[in-house]
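A.B. asks: File follows, data-v5.txt with compact mmCIF, C-alpha atoms:
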```txt
# COMPACT_ATOMS: atom_id res chain seq x y z
CA MET P 16 0.00 0.00 0.00
CA THR P 17 1.20 3.49 -0.79
CA ALA P 18 1.45 5.80 2.21
CA HIS P 19 -0.54 8.98 1.83
CA PRO P 20 1.43 12.17 2.46
CA ARG P 21 0.59 13.89 5.72
CA PRO P 22 -1.66 16.94 5.19
CA THR P 23 0.29 20.17 5.44
CA LEU P 24 -0.55 22.98 7.84
CA LEU P 25 1.15 25.54 5.62
CA ARG P 26 -0.62 28.03 3.40
CA SER P 27 -0.84 27.43 -0.31
CA ARG P 28 0.98 30.11 -2.29
CA GLU P 29 -0.67 29.13 -5.57
CA ASN P 30 -3.74 31.37 -5.34
CA GLY P 31 -2.02 34.73 -5.01
CA HIS P 32 -2.51 37.08 -2.05
CA ALA P 33 -3.54 35.22 1.10
CA LYS P 34 -6.29 37.17 2.84
CA VAL P 35 -6.26 37.61 6.60
CA GLY P 36 -8.48 34.92 8.13
CA PHE P 37 -11.32 35.47 10.56
CA SER P 38 -9.46 33.55 13.27
CA GLU P 39 -6.53 35.95 12.86
CA LEU P 40 -8.86 38.93 13.24
CA PHE P 41 -10.38 37.25 16.28
CA PHE P 42 -6.90 36.91 17.75
CA ASP P 43 -6.14 40.58 17.03
CA LEU P 44 -9.12 41.67 19.13
CA VAL P 45 -7.23 40.59 22.24
CA PHE P 46 -4.82 43.40 21.54
CA VAL P 47 -7.55 46.02 21.80
CA PHE P 48 -7.51 45.08 25.47
CA ALA P 49 -3.71 45.06 25.58
CA VAL P 50 -3.39 48.50 23.99
CA THR P 51 -6.07 49.89 26.33
CA GLN P 52 -4.21 48.49 29.34
CA LEU P 53 -0.97 50.05 28.15
CA SER P 54 -2.61 53.46 27.66
CA HIS P 55 -4.16 53.38 31.14
CA THR P 56 -0.92 52.16 32.71
CA LEU P 57 1.04 55.02 31.16
CA LEU P 58 -1.65 57.54 32.11
CA GLU P 59 -1.55 56.44 35.76
CA HIS P 60 2.26 56.60 35.93
CA LEU P 61 3.08 59.55 33.70
CA ASP P 62 6.68 60.13 34.74
CA THR P 63 10.09 59.00 33.57
CA GLY P 64 9.99 55.68 35.40
CA GLY P 65 6.42 54.99 34.36
CA ALA P 66 7.20 55.81 30.74
CA LEU P 67 10.20 53.46 30.77
CA ARG P 68 8.17 50.60 32.24
CA ALA P 69 5.21 51.19 29.91
CA GLY P 70 7.58 51.41 26.94
CA LEU P 71 9.17 48.08 27.84
CA LEU P 72 5.77 46.43 28.17
CA PHE P 73 4.72 47.90 24.83
CA LEU P 74 7.83 46.46 23.16
CA ALA P 75 6.93 43.05 24.57
CA VAL P 76 3.28 43.22 23.46
CA TRP P 77 4.20 44.38 19.97
CA TRP P 78 6.84 41.67 19.60
CA LEU P 79 4.38 39.00 20.66
CA TRP P 80 1.86 40.16 18.09
CA ILE P 81 4.28 40.62 15.17
CA TYR P 82 5.90 37.21 15.75
CA THR P 83 2.45 35.64 15.64
CA SER P 84 1.74 37.51 12.41
CA TRP P 85 4.92 36.09 10.88
CA VAL P 86 3.95 32.57 11.91
CA THR P 87 0.40 32.84 10.55
CA ASN P 88 1.92 34.22 7.36
CA TRP P 89 3.18 30.67 6.76
CA LEU P 90 0.49 28.64 8.54
CA ASP P 91 -3.03 28.17 7.20
CA PRO P 92 -5.55 29.35 9.84
CA GLU P 93 -8.28 27.32 8.13
CA LYS P 94 -6.60 24.13 9.38
CA VAL P 95 -7.98 23.01 12.75
CA PRO P 96 -4.61 22.57 14.56
CA VAL P 97 -3.54 26.07 13.50
CA ARG P 98 -6.86 27.53 14.58
CA LEU P 99 -6.58 25.85 17.98
CA MET P 100 -3.07 27.22 18.34
CA ILE P 101 -4.37 30.73 17.63
CA PHE P 102 -7.13 30.32 20.22
CA GLY P 103 -4.58 29.10 22.76
CA LEU P 104 -2.53 32.23 22.09
CA MET P 105 -5.70 34.29 22.57
CA LEU P 106 -6.14 32.88 26.05
CA GLY P 107 -2.52 33.62 26.86
CA GLY P 108 -2.93 37.12 25.42
CA LEU P 109 -5.90 37.83 27.67
CA LEU P 110 -3.96 36.69 30.74
CA LEU P 111 -1.00 38.77 29.63
CA SER P 112 -3.14 41.86 29.03
CA ALA P 113 -4.91 41.49 32.38
CA SER P 114 -1.54 41.38 34.15
CA LEU P 115 -0.14 44.50 32.44
CA PRO P 116 -1.12 47.10 35.10
CA GLN P 117 0.57 45.00 37.81
CA ALA P 118 3.40 43.59 35.67
CA PHE P 119 5.90 45.45 37.86
CA GLY P 120 3.95 44.55 40.95
CA ALA P 121 2.16 41.46 42.20
CA ARG P 122 1.55 39.93 38.74
CA GLY P 123 5.08 40.05 37.41
CA LEU P 124 5.51 36.29 37.37
CA VAL P 125 2.20 35.86 35.52
CA PHE P 126 3.30 38.31 32.84
CA GLY P 127 6.80 36.86 32.48
CA ALA P 128 5.73 33.21 32.48
CA VAL P 129 2.81 33.69 30.09
CA PHE P 130 4.90 35.77 27.70
CA ALA P 131 7.69 33.17 27.68
CA ALA P 132 5.22 30.31 27.21
CA MET P 133 3.55 32.05 24.26
CA GLN P 134 6.81 32.84 22.50
CA VAL P 135 8.37 29.41 23.00
CA GLY P 136 5.14 27.44 22.53
CA ARG P 137 4.25 29.13 19.24
CA THR P 138 7.77 28.49 17.91
CA ALA P 139 7.59 24.82 18.94
CA PHE P 140 4.24 24.53 17.11
CA MET P 141 5.84 25.97 14.00
CA LEU P 142 8.62 23.38 14.16
CA TRP P 143 5.97 20.65 14.46
CA ALA P 144 4.18 22.06 11.40
CA LEU P 145 7.42 22.13 9.39
CA ARG P 146 8.52 18.60 10.31
CA GLY P 147 8.98 15.95 7.66
CA GLY P 148 11.13 17.91 5.23
CA ARG P 149 8.72 20.73 4.49
CA SER P 150 10.76 23.89 3.93
CA PRO P 151 14.06 22.66 5.44
CA GLY P 152 15.50 26.18 5.47
CA ASN P 153 12.62 27.54 7.51
CA PHE P 154 12.76 24.52 9.82
CA ARG P 155 16.39 25.35 10.66
CA ASN P 156 15.38 29.01 10.96
CA PHE P 157 12.84 28.15 13.65
CA LEU P 158 15.33 25.92 15.44
CA ARG P 159 17.54 28.98 15.82
CA ILE P 160 14.56 31.12 16.85
CA LEU P 161 13.68 28.55 19.51
CA VAL P 162 17.18 28.83 20.97
CA TRP P 163 16.98 32.64 21.13
CA LEU P 164 13.48 32.71 22.60
CA SER P 165 14.33 30.00 25.14
CA LEU P 166 17.22 32.15 26.33
CA SER P 167 15.01 35.25 26.63
CA ALA P 168 12.33 33.12 28.36
CA LEU P 169 14.75 32.49 31.24
CA LEU P 170 15.06 36.25 31.72
CA TRP P 171 11.30 36.82 31.47
CA ILE P 172 10.64 34.23 34.16
CA GLY P 173 13.64 35.30 36.25
CA GLY P 174 12.39 38.88 36.14
CA GLY P 175 8.93 37.77 37.23
CA LEU P 176 10.47 36.12 40.27
CA ALA P 177 12.63 39.16 41.08
CA GLU P 178 11.66 42.21 43.10
CA PRO P 179 10.04 45.07 41.14
CA GLU P 180 13.16 47.24 40.90
CA PRO P 181 15.61 44.62 39.52
CA ARG P 182 12.76 43.16 37.43
CA LEU P 183 13.17 46.06 35.02
CA TYR P 184 16.76 45.05 34.26
CA TRP P 185 15.89 41.38 33.82
CA TRP P 186 13.20 42.29 31.32
CA LEU P 187 15.33 44.88 29.53
CA GLY P 188 17.79 42.05 28.89
CA ALA P 189 14.98 39.80 27.64
CA VAL P 190 13.70 42.49 25.25
CA ALA P 191 17.24 43.13 23.99
CA ILE P 192 17.66 39.43 23.14
CA GLU P 193 14.31 39.28 21.36
CA TYR P 194 14.89 42.42 19.30
CA LEU P 195 18.49 41.57 18.39
CA GLY P 196 17.48 38.15 17.06
CA PRO P 197 16.24 39.15 13.58
CA VAL P 198 19.04 41.72 13.18
CA SER P 199 21.67 39.02 13.79
CA TYR P 200 19.76 36.49 11.66
CA PHE P 201 19.32 34.34 14.79
CA ARG P 202 22.93 33.20 14.66
CA VAL P 203 23.51 30.14 16.88
CA PRO P 204 26.85 28.31 17.33
CA GLY P 205 26.62 24.98 15.54
CA LEU P 206 23.42 25.95 13.69
CA GLY P 207 24.79 28.90 11.76
CA ARG P 208 22.57 31.84 10.86
CA SER P 209 19.36 32.27 8.95
CA SER P 210 19.17 34.06 5.63
CA LEU P 211 16.62 36.34 4.03
CA SER P 212 15.72 33.52 1.66
CA ASP P 213 14.51 31.54 4.68
CA TRP P 214 12.01 34.32 5.44
CA ASP P 215 9.87 33.75 2.37
CA VAL P 216 6.91 35.87 3.42
CA GLU P 217 3.65 36.52 1.63
CA GLY P 218 3.99 40.29 1.58
CA GLY P 219 0.38 41.20 0.96
CA HIS P 220 -0.77 39.22 3.97
CA LEU P 221 1.77 40.78 6.34
CA SER P 222 1.01 44.27 5.06
CA GLU P 223 -2.71 43.69 5.60
CA ARG P 224 -2.13 42.37 9.13
CA CYS P 225 -0.11 45.44 10.10
CA GLY P 226 -2.66 47.78 8.56
CA LEU P 227 -5.39 46.09 10.57
CA PHE P 228 -3.34 46.51 13.74
CA ILE P 229 -3.08 50.24 13.03
CA ILE P 230 -6.89 50.28 12.76
CA ILE P 231 -7.12 48.44 16.11
CA ALA P 232 -4.83 50.96 17.79
CA LEU P 233 -6.67 53.95 16.31
CA GLY P 234 -9.98 52.39 17.31
CA GLU P 235 -8.73 51.96 20.87
CA SER P 236 -7.80 55.64 20.90
CA ILE P 237 -11.30 56.62 19.79
CA LEU P 238 -12.86 54.31 22.39
CA ILE P 239 -10.87 55.94 25.18
CA THR P 240 -11.80 59.41 23.92
CA GLY P 241 -15.49 58.55 23.69
CA ALA P 242 -15.61 56.85 27.09
CA THR P 243 -13.84 59.75 28.78
CA PHE P 244 -16.02 62.37 27.08
CA ALA P 245 -19.19 60.51 28.07
CA ARG P 246 -18.48 60.82 31.80
CA LEU P 247 -17.41 64.48 31.75
CA ASP P 248 -19.48 67.63 31.94
CA TRP P 249 -20.12 68.85 28.43
CA ASN P 250 -18.85 72.41 28.36
CA PRO P 251 -17.04 74.40 25.63
CA ALA P 252 -13.61 73.14 26.73
CA THR P 253 -14.50 69.44 26.80
CA VAL P 254 -16.47 69.63 23.54
CA ALA P 255 -13.52 71.37 21.88
CA ALA P 256 -11.11 68.75 23.26
CA PHE P 257 -13.39 65.96 22.00
CA CYS P 258 -13.50 67.45 18.50
CA ILE P 259 -9.73 67.99 18.50
CA ALA P 260 -9.11 64.37 19.47
CA PHE P 261 -11.46 63.08 16.78
CA LEU P 262 -9.93 65.25 14.05
CA GLY P 263 -6.48 64.13 15.17
CA SER P 264 -7.45 60.46 14.83
CA VAL P 265 -8.89 61.09 11.35
CA ALA P 266 -5.70 62.86 10.28
CA MET P 267 -3.58 59.99 11.64
CA TRP P 268 -5.67 57.53 9.64
CA TRP P 269 -5.25 59.70 6.55
CA ILE P 270 -1.48 59.97 6.91
CA TYR P 271 -1.04 56.19 7.07
CA PHE P 272 -3.78 54.85 4.83
CA ASP P 273 -4.25 57.46 2.09
CA SER P 274 -1.08 56.38 0.26
CA GLY P 275 1.50 54.93 2.64
CA ALA P 276 -0.19 51.58 3.30
CA ALA P 277 -0.90 50.90 -0.37
CA ARG P 278 2.59 51.91 -1.51
CA GLY P 279 4.16 49.80 1.22
CA GLU P 280 2.08 46.79 0.17
CA HIS P 281 3.02 47.28 -3.49
CA ARG P 282 6.72 47.38 -2.58
CA ILE P 283 6.69 44.26 -0.39
CA VAL P 284 4.57 42.30 -2.90
CA HIS P 285 6.32 43.30 -6.13
CA GLY P 286 9.81 44.21 -4.95
CA ASP P 287 12.79 41.87 -4.86
CA ASP P 288 13.47 42.52 -1.17
CA SER P 289 10.26 41.27 0.47
CA ALA P 290 12.02 39.63 3.43
CA ARG P 291 14.05 42.75 4.16
CA GLN P 292 10.93 44.94 3.93
CA ALA P 293 9.05 42.58 6.23
CA ARG P 294 11.81 42.74 8.83
CA LEU P 295 12.57 46.48 8.66
CA ALA P 296 9.40 48.26 7.54
CA TYR P 297 6.78 46.07 9.20
CA THR P 298 8.53 44.40 12.14
CA TYR P 299 10.62 47.27 13.49
CA LEU P 300 9.30 50.56 12.09
CA HIS P 301 5.62 49.83 12.70
CA LEU P 302 6.24 49.69 16.43
CA LEU P 303 7.02 53.44 16.28
CA ILE P 304 3.70 54.07 14.54
CA VAL P 305 1.66 52.01 17.01
CA GLY P 306 3.60 53.44 19.95
CA GLY P 307 2.76 56.93 18.73
CA ILE P 308 -0.94 56.04 18.63
CA VAL P 309 -0.79 54.73 22.21
CA VAL P 310 0.85 57.94 23.48
CA CYS P 311 -1.60 60.07 21.46
CA ALA P 312 -4.48 58.24 23.19
CA VAL P 313 -2.96 59.20 26.54
CA ALA P 314 -2.57 62.79 25.34
CA ASP P 315 -6.20 62.98 24.16
CA GLU P 316 -7.44 61.87 27.58
CA LEU P 317 -5.19 64.39 29.32
CA VAL P 318 -6.55 67.21 27.15
CA LEU P 319 -10.12 66.09 27.80
CA VAL P 320 -9.76 65.81 31.59
CA HIS P 321 -7.31 68.68 32.18
CA PRO P 322 -7.77 71.16 29.32
CA ASP P 323 -6.35 74.10 31.30
CA HIS P 324 -3.24 72.71 32.96
CA ALA P 325 -0.78 69.85 32.58
CA GLU P 326 2.49 68.84 34.16
CA PRO P 327 5.67 68.73 32.02
CA ALA P 328 5.18 64.99 31.53
CA GLY P 329 1.71 65.63 30.16
CA ILE P 330 3.03 68.26 27.75
CA ALA P 331 5.70 65.78 26.64
CA ALA P 332 2.97 63.23 25.88
CA ILE P 333 0.84 65.74 23.97
CA VAL P 334 3.75 66.64 21.68
CA GLY P 335 5.70 63.38 21.85
CA GLY P 336 2.88 61.10 20.70
CA PRO P 337 2.37 62.93 17.38
CA ALA P 338 6.14 63.19 16.91
CA LEU P 339 6.59 59.43 17.42
CA TYR P 340 3.76 58.68 15.00
CA LEU P 341 5.06 61.02 12.30
CA LEU P 342 8.60 59.70 12.71
CA GLY P 343 7.40 56.12 12.29
CA CYS P 344 5.32 56.98 9.21
CA ALA P 345 8.17 58.99 7.70
CA LEU P 346 10.66 56.14 8.08
CA PHE P 347 8.13 53.57 6.86
CA LYS P 348 7.40 55.55 3.72
CA TRP P 349 11.09 56.21 3.20
CA VAL P 350 12.17 52.56 3.19
CA THR P 351 9.20 51.39 1.11
CA ASN P 352 9.79 53.91 -1.66
CA THR P 353 12.72 54.80 -3.87
CA ARG P 354 13.44 58.22 -2.44
CA LYS P 355 16.55 59.87 -1.04
CA LEU P 356 14.82 61.31 2.02
CA PRO P 357 11.64 60.73 4.01
CA PRO P 358 8.58 62.68 2.79
CA LEU P 359 9.13 66.41 3.03
CA SER P 360 5.63 66.85 4.50
CA HIS P 361 6.52 64.56 7.42
CA LEU P 362 9.86 66.27 8.02
CA GLY P 363 8.04 69.61 8.02
CA GLY P 364 5.52 68.24 10.52
CA LEU P 365 8.32 67.03 12.82
CA ALA P 366 9.93 70.48 12.61
CA MET P 367 6.61 72.13 13.57
CA LEU P 368 6.21 69.76 16.53
CA ALA P 369 9.76 70.55 17.68
CA ALA P 370 8.90 74.26 17.54
CA LEU P 371 5.74 73.60 19.57
CA ALA P 372 7.72 71.71 22.19
CA LEU P 373 10.11 74.65 22.57
CA ALA P 374 7.31 77.22 22.64
CA ALA P 375 4.94 75.38 25.01
CA GLY P 376 6.73 76.55 28.16
CA PRO P 377 7.54 80.21 27.34
CA TRP P 378 4.12 80.77 25.75
CA HIS P 379 2.31 78.99 28.61
CA LEU P 380 0.24 76.98 26.17
CA SER P 381 -2.61 75.10 27.83
CA PRO P 382 -3.13 71.41 27.02
CA LEU P 383 -6.22 72.37 24.99
CA TRP P 384 -4.31 74.83 22.80
CA LEU P 385 -1.35 72.49 22.52
CA GLY P 386 -3.62 69.61 21.53
CA ALA P 387 -5.27 71.84 18.93
CA ALA P 388 -1.86 72.77 17.57
CA THR P 389 -0.67 69.16 17.26
CA THR P 390 -3.92 68.20 15.52
CA ALA P 391 -3.40 71.12 13.15
CA VAL P 392 0.09 69.78 12.40
CA PHE P 393 -1.38 66.36 11.58
CA MET P 394 -3.95 67.96 9.26
CA ILE P 395 -1.29 70.08 7.54
CA VAL P 396 0.90 67.03 6.95
CA ALA P 397 -2.05 65.02 5.59
CA ALA P 398 -3.13 67.82 3.24
CA TRP P 399 0.45 68.59 2.17
CA GLU P 400 1.22 64.99 1.23
CA THR P 401 -2.14 64.45 -0.47
CA ILE P 402 -1.76 67.56 -2.65
CA ALA P 403 1.86 66.69 -3.50
CA LEU P 404 0.97 63.15 -4.53
CA ARG P 405 -2.05 64.25 -6.58
CA ARG P 406 0.12 66.74 -8.45
CA ALA P 407 2.76 64.09 -9.09
```
Would you give me this structure, written as structure tokens?
C.D. replies:
Amino acid sequence: MTAHPRPTLLRSRENGHAKVGFSELFFDLVFVFAVTQLSHTLLEHLDTGGALRAGLLFLAVWWLWIYTSWVTNWLDPEKVPVRLMIFGLMLGGLLLSASLPQAFGARGLVFGAVFAAMQVGRTAFMLWALRGGRSPGNFRNFLRILVWLSLSALLWIGGGLAEPEPRLYWWLGAVAIEYLGPVSYFRVPGLGRSSLSDWDVEGGHLSERCGLFIIIALGESILITGATFARLDWNPATVAAFCIAFLGSVAMWWIYFDSGAARGEHRIVHGDDSARQARLAYTYLHLLIVGGIVVCAVADELVLVHPDHAEPAGIAAIVGGPALYLLGCALFKWVTNTRKLPPLSHLGGLAMLAALALAAGPWHLSPLWLGAATTAVFMIVAAWETIALRRA
């Protein structure tokens, strides 16, 4: 009798662009909760230490999501084992998100252990899916990834067991290992290093996943704004702050989706450097964009609740969030297009935000006026780029 080949769990690349599956979207919803938790955590601890801790947690959450997006770029979510793996990661993601506010307190071990289990477990599943000679290069790639993530897992768990103050250093080491992995091609003694040819991504799928995550983050920002506005007294200041926040979110959507998302997708799908674009433009640079949205959500709530006065940390959030978002979009559009410099409109917007940061103190700008100014910068950048591209 002839043995039947074992059914593959990998996607078929024969039918063109692989659309994002409903189970993947279902998984992404967990990160609405995660992004909300990060925003609230930063808002409650808006100082240098709080920003450092929230930033570290954000790096971890983003890395968990983008690694899962890479894996589901190869795996077929319509297959039952893959779907069950995604649902298992959803459960872990909910536990992780629930532990975020107390990650540097009583729930540190929960956060560290769940994060390590998700990273290592998902990689082990990928090795199981690749067994039997399917894509030998990628199988060796994930062996190397497993070594790197197992090493960082020790630091995640060790940090969870440590006291809150040294925990930060344990987890900084873990994040450094995780983020250095792709840059060093997951080099492992005895196993060599991976190559870009091993990272044979379906560019359209990864681009769509990242675009959907931007929508999730922007949606979370609007949810926070709406929920905060609903419980406040509706007076001219709060109504103005609400309108400013909404217009800012619309302008942020416009800056990313009007041309940048489509051009980025075209480059990663039709270019000859898809793996490099996936690693640089979508894995690393998108974290700046999403991070900017998270900080902008914090800034919008500050302007709504305290339109007349803010501490220096609040002013830094009001200006810093838009600056981080514009910087991420500028770099993303730069590396996904054949241009010598980032878009001039984005560089002009960053210059205007720098001027606002310098003028905020001497001019005694209130949070409301400062928020209005940063939203105006967003709208100027969106209009500037749109007009320039239409003329071209």
A.B. asks: Between P:Phe42, P:Arg68, P:His55, P:Ile304, which has the minimum distance to Phe102 of chain P (counting all atoms listed in the file)?
C.D. replies: P:Phe42
A.B. asks: Taking into account only C-alpha atoms, which residue in the set P:Ala75, P:Leu342, P:Ala33, P:Leu61 is nearest to Ala369 of chain P?
C.D. replies: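 The answer is P:Leu342, which sits nearest to Ala369 of chain P.
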A.B. asks: To one decimal place in Å, what is the distance between atom CA of Asn88 of chain P and atom CA of Tyr297 of chain P?
C.D. replies: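 We find that atom CA of Asn88 of chain P and atom CA of Tyr297 of chain P lie 12.9 Å from each other.
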A.B. asks: Find the residues around Glu39 of chain P up to 9 Å (all atoms listed in the file counted), leave out those fewer than 2 positions away in its own chain, and share them as a PyMOL selection string.
C.D. replies: chain P and resi 35-37+41-44+84+87+92+98+101+224
A.B. asks: Near segment 131-136 of chain P, within 6 Å and counting all atoms listed in the file, which residues show up once chain neighbours fewer than 3 positions away are dropped, as a list of chain:residue names?
C.D. replies: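 Residues meeting the cut-off are P:Ala128, P:Ala139, P:Ala168.
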A.B. asks: How many Å separate atom CA of Ser212 of chain P from atom CA of Gln292 of chain P?
C.D. replies: 12.6 Å
A.B. asks: To one decimal place, how far is atom CA of Arg202 of chain P from atom CA of Phe157 of chain P in Å?
C.D. replies: 11.3 Å
A.B. asks: Can you take the partial segment 127-143 of chain P, add N, CA, C and O atoms, and return it as a CSV table (one decimal), keeping the file's coordinate frame?
C.D. replies:
```
chain,number,residue,atom,x,y,z
P,127,GLY,N,5.6,37.4,33.0
P,127,GLY,CA,6.8,36.9,32.5
P,127,GLY,C,6.6,35.4,32.0
P,127,GLY,O,7.1,35.0,30.9
P,128,ALA,N,5.9,34.6,32.8
P,128,ALA,CA,5.7,33.2,32.5
P,128,ALA,C,4.8,33.0,31.3
P,128,ALA,O,5.1,32.2,30.4
P,129,VAL,N,3.7,33.8,31.2
P,129,VAL,CA,2.8,33.7,30.1
P,129,VAL,C,3.5,34.2,28.8
P,129,VAL,O,3.4,33.5,27.7
P,130,PHE,N,4.2,35.3,28.9
P,130,PHE,CA,4.9,35.8,27.7
P,130,PHE,C,5.9,34.7,27.2
P,130,PHE,O,5.9,34.4,26.0
P,131,ALA,N,6.7,34.2,28.1
P,131,ALA,CA,7.7,33.2,27.7
P,131,ALA,C,7.0,31.9,27.1
P,131,ALA,O,7.5,31.4,26.1
P,132,ALA,N,5.9,31.5,27.7
P,132,ALA,CA,5.2,30.3,27.2
P,132,ALA,C,4.6,30.6,25.8
P,132,ALA,O,4.7,29.7,25.0
P,133,MET,N,4.1,31.7,25.6
P,133,MET,CA,3.6,32.0,24.3
P,133,MET,C,4.6,32.1,23.2
P,133,MET,O,4.4,31.5,22.1
P,134,GLN,N,5.7,32.7,23.5
P,134,GLN,CA,6.8,32.8,22.5
P,134,GLN,C,7.4,31.5,22.2
P,134,GLN,O,7.6,31.1,21.0
P,135,VAL,N,7.7,30.7,23.2
P,135,VAL,CA,8.4,29.4,23.0
P,135,VAL,C,7.4,28.4,22.4
P,135,VAL,O,7.7,27.6,21.5
P,136,GLY,N,6.1,28.4,23.0
P,136,GLY,CA,5.1,27.4,22.5
P,136,GLY,C,4.8,27.6,21.1
P,136,GLY,O,4.6,26.6,20.3
P,137,ARG,N,4.6,28.9,20.6
P,137,ARG,CA,4.2,29.1,19.2
P,137,ARG,C,5.4,28.7,18.3
P,137,ARG,O,5.1,28.1,17.2
P,138,THR,N,6.6,28.9,18.7
P,138,THR,CA,7.8,28.5,17.9
P,138,THR,C,7.8,27.0,17.8
P,138,THR,O,8.1,26.4,16.8
P,139,ALA,N,7.6,26.3,18.9
P,139,ALA,CA,7.6,24.8,18.9
P,139,ALA,C,6.5,24.3,18.0
P,139,ALA,O,6.7,23.3,17.3
P,140,PHE,N,5.3,24.9,18.0
P,140,PHE,CA,4.2,24.5,17.1
P,140,PHE,C,4.7,24.7,15.7
P,140,PHE,O,4.4,23.8,14.8
P,141,MET,N,5.4,25.8,15.4
P,141,MET,CA,5.8,26.0,14.0
P,141,MET,C,6.8,24.9,13.6
P,141,MET,O,6.8,24.4,12.4
P,142,LEU,N,7.7,24.5,14.5
P,142,LEU,CA,8.6,23.4,14.2
P,142,LEU,C,7.9,22.1,13.9
P,142,LEU,O,8.2,21.3,13.0
P,143,TRP,N,6.8,21.8,14.7
P,143,TRP,CA,6.0,20.6,14.5
P,143,TRP,C,5.3,20.7,13.1
P,143,TRP,O,5.2,19.7,12.4
```
